[in-house]
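Have a look at upload.cif; it's mmCIF, C-alpha atoms:
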```
data_start
#
loop_
_atom_site.label_atom_id
_atom_site.label_comp_id
_atom_site.auth_asym_id
_atom_site.auth_seq_id
_atom_site.Cartn_x
_atom_site.Cartn_y
_atom_site.Cartn_z
CA MET A 413 46.07 -19.80 -21.15
CA LYS A 414 47.03 -16.25 -22.12
CA PHE A 415 43.92 -16.03 -24.27
CA PHE A 416 41.66 -16.72 -21.26
CA LEU A 417 43.53 -14.18 -19.13
CA ILE A 418 43.14 -11.53 -21.83
CA LEU A 419 39.47 -12.41 -22.23
CA ALA A 420 38.93 -12.14 -18.47
CA LEU A 421 40.76 -8.82 -18.42
CA VAL A 422 38.59 -7.45 -21.25
CA PHE A 423 35.39 -8.53 -19.49
CA THR A 424 36.38 -7.01 -16.18
CA THR A 425 37.77 -3.73 -17.50
CA CYS A 426 35.36 -2.94 -20.33
CA SER A 427 33.40 0.16 -19.34
CA CYS A 428 30.44 -1.01 -21.39
CA LEU A 429 29.75 -3.95 -19.06
CA ARG A 430 28.02 -3.70 -15.71
CA ASN A 431 28.37 -6.33 -13.00
CA PHE A 432 24.78 -5.94 -11.81
CA ARG A 433 21.18 -6.32 -12.91
CA ILE A 434 18.33 -3.94 -11.97
CA ILE A 435 15.00 -5.46 -10.98
CA GLN A 436 12.08 -3.11 -10.48
CA GLU A 437 10.20 -4.60 -7.53
CA ASN A 438 7.38 -2.17 -6.79
CA VAL A 439 6.07 1.27 -7.56
CA ASN A 440 3.17 3.42 -6.44
CA ILE A 441 1.90 6.95 -6.76
CA LYS A 442 0.02 9.06 -4.24
CA VAL A 443 -1.69 12.14 -5.64
CA LYS A 444 -1.63 14.94 -3.06
CA ALA A 445 -3.28 17.72 -5.11
CA PRO A 446 -6.35 16.28 -6.90
CA ASP A 447 -7.34 19.71 -8.17
CA ILE A 448 -4.08 19.81 -10.19
CA ILE A 449 -3.29 16.12 -10.85
CA ASP A 450 -6.10 13.70 -11.68
CA GLU A 451 -6.60 11.14 -8.90
CA ASN A 452 -6.73 8.36 -11.51
CA ALA A 453 -2.99 8.65 -12.12
CA SER A 454 -1.49 5.20 -12.38
CA VAL A 455 1.95 3.69 -12.33
CA PHE A 456 2.80 0.00 -12.56
CA ILE A 457 5.52 -2.50 -13.48
CA ARG A 458 5.02 -5.22 -16.04
CA LYS A 459 7.32 -7.91 -17.40
CA LEU A 460 8.83 -6.74 -20.68
CA ASN A 461 10.69 -9.97 -21.38
CA ARG A 462 12.58 -12.63 -19.47
CA THR A 463 15.30 -10.17 -18.48
CA TYR A 464 13.62 -6.81 -18.03
CA ASP A 465 10.69 -5.31 -16.22
CA ALA A 466 9.11 -2.15 -17.59
CA LEU A 467 7.69 0.87 -15.83
CA ASN A 468 4.44 2.29 -17.18
CA ALA A 469 2.59 5.36 -16.01
CA SER A 470 -0.29 7.59 -16.96
CA ILE A 471 -1.01 10.98 -15.45
CA THR A 472 -3.39 13.82 -16.29
CA VAL A 473 -2.33 17.34 -15.43
CA LYS A 474 -5.36 19.63 -15.08
CA VAL A 475 -3.59 23.01 -15.21
CA ASP A 476 -0.39 24.42 -16.71
CA LEU A 477 2.57 24.00 -14.36
CA ASP A 478 5.61 26.21 -13.93
CA ASN A 479 7.89 26.76 -10.94
CA ILE A 480 8.25 23.00 -10.43
CA TYR A 481 10.61 21.49 -7.89
CA MET A 482 11.53 17.85 -7.56
CA LYS A 483 12.80 16.20 -4.41
CA VAL A 484 14.40 12.77 -4.62
CA ASP A 485 15.14 10.82 -1.45
CA THR A 486 17.02 7.53 -1.66
CA PHE A 487 17.00 4.73 0.88
CA GLU A 488 18.87 1.44 1.16
CA LYS A 489 17.46 -1.58 2.94
CA ARG A 490 19.76 -2.89 5.67
CA ILE A 491 18.71 -5.36 8.35
CA ASN A 492 15.06 -5.30 7.17
CA LYS A 493 14.78 -1.53 7.48
CA TYR A 494 15.27 1.29 4.98
CA HIS A 495 17.93 3.86 5.87
CA PRO A 496 18.82 7.12 4.07
CA PHE A 497 21.28 6.48 1.29
CA VAL A 498 23.95 8.57 -0.43
CA MET A 499 21.76 10.67 -2.68
CA ASP A 500 19.04 13.08 -1.59
CA MET A 501 18.40 16.12 -3.71
CA LYS A 502 16.02 18.93 -4.42
CA LEU A 503 16.17 20.71 -7.72
CA ASP A 504 14.35 23.21 -9.89
CA PHE A 505 12.82 20.85 -12.44
CA CYS A 506 12.32 23.55 -15.09
CA GLU A 507 16.02 24.46 -14.89
CA PHE A 508 16.93 20.78 -14.96
CA MET A 509 14.96 20.29 -18.21
CA LYS A 510 17.00 23.12 -19.77
CA ASN A 511 20.29 21.69 -18.51
CA PRO A 512 20.12 18.01 -17.42
CA ALA A 513 23.86 17.99 -16.69
CA MET A 514 23.17 20.07 -13.54
CA SER A 515 22.32 16.77 -11.81
CA ILE A 516 24.89 14.09 -12.55
CA PHE A 517 22.66 11.37 -11.10
CA LEU A 518 19.43 12.31 -12.94
CA ASP A 519 21.36 13.05 -16.12
CA PHE A 520 21.79 9.27 -16.49
CA PHE A 521 18.03 8.68 -16.45
CA TYR A 522 16.50 11.73 -18.11
CA PRO A 523 17.25 10.73 -21.76
CA LEU A 524 15.83 7.28 -21.02
CA LEU A 525 12.69 8.82 -19.54
CA LEU A 526 12.20 11.07 -22.57
CA LYS A 527 12.72 8.15 -24.96
CA HIS A 528 9.84 6.20 -23.38
CA SER A 529 7.36 9.00 -22.75
CA ASN A 530 5.52 11.98 -24.12
CA LEU A 531 6.68 14.13 -21.21
CA PRO A 532 7.40 17.75 -22.13
CA ARG A 533 10.97 18.88 -22.69
CA LYS A 534 10.52 22.38 -21.24
CA CYS A 535 8.41 24.44 -18.88
CA PRO A 536 5.67 25.29 -18.50
CA ILE A 537 4.18 21.81 -18.50
CA ARG A 538 0.87 22.24 -20.26
CA ALA A 539 -2.36 20.69 -19.00
CA GLY A 540 -2.85 17.32 -20.68
CA ASN A 541 -2.35 13.57 -20.54
CA TYR A 542 1.18 12.24 -20.15
CA TYR A 543 2.49 8.71 -20.18
CA ILE A 544 5.58 6.58 -19.68
CA HIS A 545 5.51 3.41 -21.77
CA ASN A 546 7.75 0.38 -21.22
CA LEU A 547 10.62 2.18 -19.55
CA HIS A 548 13.11 -0.56 -18.70
CA MET A 549 16.14 0.07 -16.57
CA ASN A 550 19.04 -1.25 -18.54
CA GLU A 551 22.20 -1.53 -16.46
CA GLU A 552 24.07 0.52 -19.07
CA ASP A 553 21.87 3.50 -18.15
CA PHE A 554 23.20 3.47 -14.57
CA PRO A 555 26.49 4.73 -13.21
CA PRO A 556 29.21 2.05 -13.49
CA SER A 557 29.59 1.69 -9.73
CA PHE A 558 26.28 0.86 -8.12
CA PRO A 559 25.63 -0.99 -4.84
CA VAL A 560 25.30 -4.66 -5.81
CA ASP A 561 23.23 -6.99 -3.60
CA SER A 562 21.05 -4.17 -2.38
CA HIS A 563 17.44 -3.04 -2.18
CA LEU A 564 16.94 0.64 -2.93
CA ARG A 565 13.89 2.84 -2.62
CA PHE A 566 13.52 6.13 -4.47
CA VAL A 567 10.90 8.57 -3.21
CA ILE A 568 10.23 11.23 -5.84
CA SER A 569 8.11 14.21 -4.80
CA LEU A 570 6.99 16.90 -7.22
CA PHE A 571 6.06 20.40 -6.00
CA HIS A 572 4.37 23.31 -7.78
CA HIS A 573 4.84 26.71 -6.13
CA GLY A 574 5.78 24.87 -2.93
CA ARG A 575 2.66 22.66 -2.93
CA LEU A 576 3.14 18.87 -3.01
CA LEU A 577 1.51 17.44 -6.15
CA TYR A 578 2.36 13.75 -5.91
CA VAL A 579 4.80 11.22 -4.50
CA ILE A 580 6.10 8.27 -6.48
CA THR A 581 7.88 5.49 -4.63
CA LEU A 582 9.98 3.05 -6.67
CA GLY A 583 11.66 0.00 -5.17
CA ILE A 584 14.47 -1.73 -7.03
CA ARG A 585 16.75 -4.65 -6.30
CA VAL A 586 20.33 -4.64 -7.55
CA GLU A 587 21.73 -8.12 -7.90
CA PRO A 588 25.03 -9.41 -9.20
CA LYS A 589 25.28 -10.43 -12.83
CA HIS A 590 27.73 -12.97 -14.11
CA PHE A 591 29.76 -12.15 -17.21
CA TRP A 592 27.98 -14.89 -19.22
CA GLU A 593 24.53 -13.35 -18.62
#
```

Just dump the structure as structure tokens.
Amino acid sequence: MKFFLILALVFTTCSCLRNFRIIQENVNIKVKAPDIIDENASVFIRKLNRTYDALNASITVKVDLDNIYMKVDTFEKRINKYHPFVMDMKLDFCEFMKNPAMSIFLDFFYPLLLKHSNLPRKCPIRAGNYYIHNLHMNEEDFPPSFPVDSHLRFVISLFHHGRLLYVITLGIRVEPKHFWE
């Protein structure tokens, strides 16, 4: 009996385990500055395996970009309607690339994004073709406490010298995971 209690204690207290699963439900991109970002930019979700979905994207930047700001708005679905959630931020993206720790929330995701992309690591972002390939959201890449049984929407807007370049909307579902999964 003690063995099962110890085993249960290890499973519930181990920081390496998360009690939730992330499911990417939908994603889209709206290009707002076709003279800077090619209108054929694409972003989509595909099934990576039985457990994970993967985010893929392709974008062509037509001119070098500096002075880039990112705005991230987060919403949670409650009673069939999305409401503002805990995290909304605006940050200097060039400064963030130099020091990802300046945003505790994005610091979780930035190494993952770099691992699955050819995105530049510093400013200016040179004109060219960039991609994200098979970026899957492993629960271990998220903060340990995350709202289980929820639908979240992230609206990511990128600005160059104050001009809106594009808006990416990503919808995820966070569902409970049992310790045997």

If we count all atoms listed in the file, what is near Lys444 (chain A) at a cut-off of 9 Å, once residues fewer than 2 positions away on the same chain are taken out, given as a list of chain:residue names?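 Listing them by chain and then by number gives A:Lys442, A:Pro446, A:Ile448, A:Ile449, A:Glu451, A:Arg575, A:Leu576, A:Leu577, A:Tyr578, A:Val579.
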
Evaluated on this file, the PyMOL selection byres ((chain A and resi 432) around 6) picks out some residues - which ones are they, written as a list in words?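 Answer for the PyMOL selection byres ((chain A and resi 432) around 6): Arg430, Asn431, Arg433, Glu587, Pro588 and Lys589 of chain A.
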
Store the residues picked out above, limited to C-alpha atoms, as an mmCIF file, keeping the file's coordinate frame.
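Written out: result_19.cif:
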```
data_model
loop_
_atom_site.group_PDB
_atom_site.id
_atom_site.type_symbol
_atom_site.label_atom_id
_atom_site.label_comp_id
_atom_site.auth_asym_id
_atom_site.auth_seq_id
_atom_site.Cartn_x
_atom_site.Cartn_y
_atom_site.Cartn_z
ATOM 1 C CA ARG A 430 28.020 -3.700 -15.710
ATOM 2 C CA ASN A 431 28.370 -6.330 -13.000
ATOM 3 C CA ARG A 433 21.180 -6.320 -12.910
ATOM 4 C CA GLU A 587 21.730 -8.120 -7.900
ATOM 5 C CA PRO A 588 25.030 -9.410 -9.200
ATOM 6 C CA LYS A 589 25.280 -10.430 -12.830
#
```

Selected residue of minimal separation from Phe487 (chain A) among A:Val439, A:Leu467, A:Leu564, A:Leu582, counting all atoms listed in the file: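 Nearest to Phe487 (chain A): A:Leu564.
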
Two-atom distance - CA of Lys510 (chain A), CA of Ile544 (chain A) (Å): 20.1 Å

Just give me the gap between CA of Phe571 (chain A) and CA of Lys493 (chain A) in Å, one decimal is fine.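 Straight-line distance from CA of Phe571 (chain A) to CA of Lys493 (chain A) works out to 27.2 Å.
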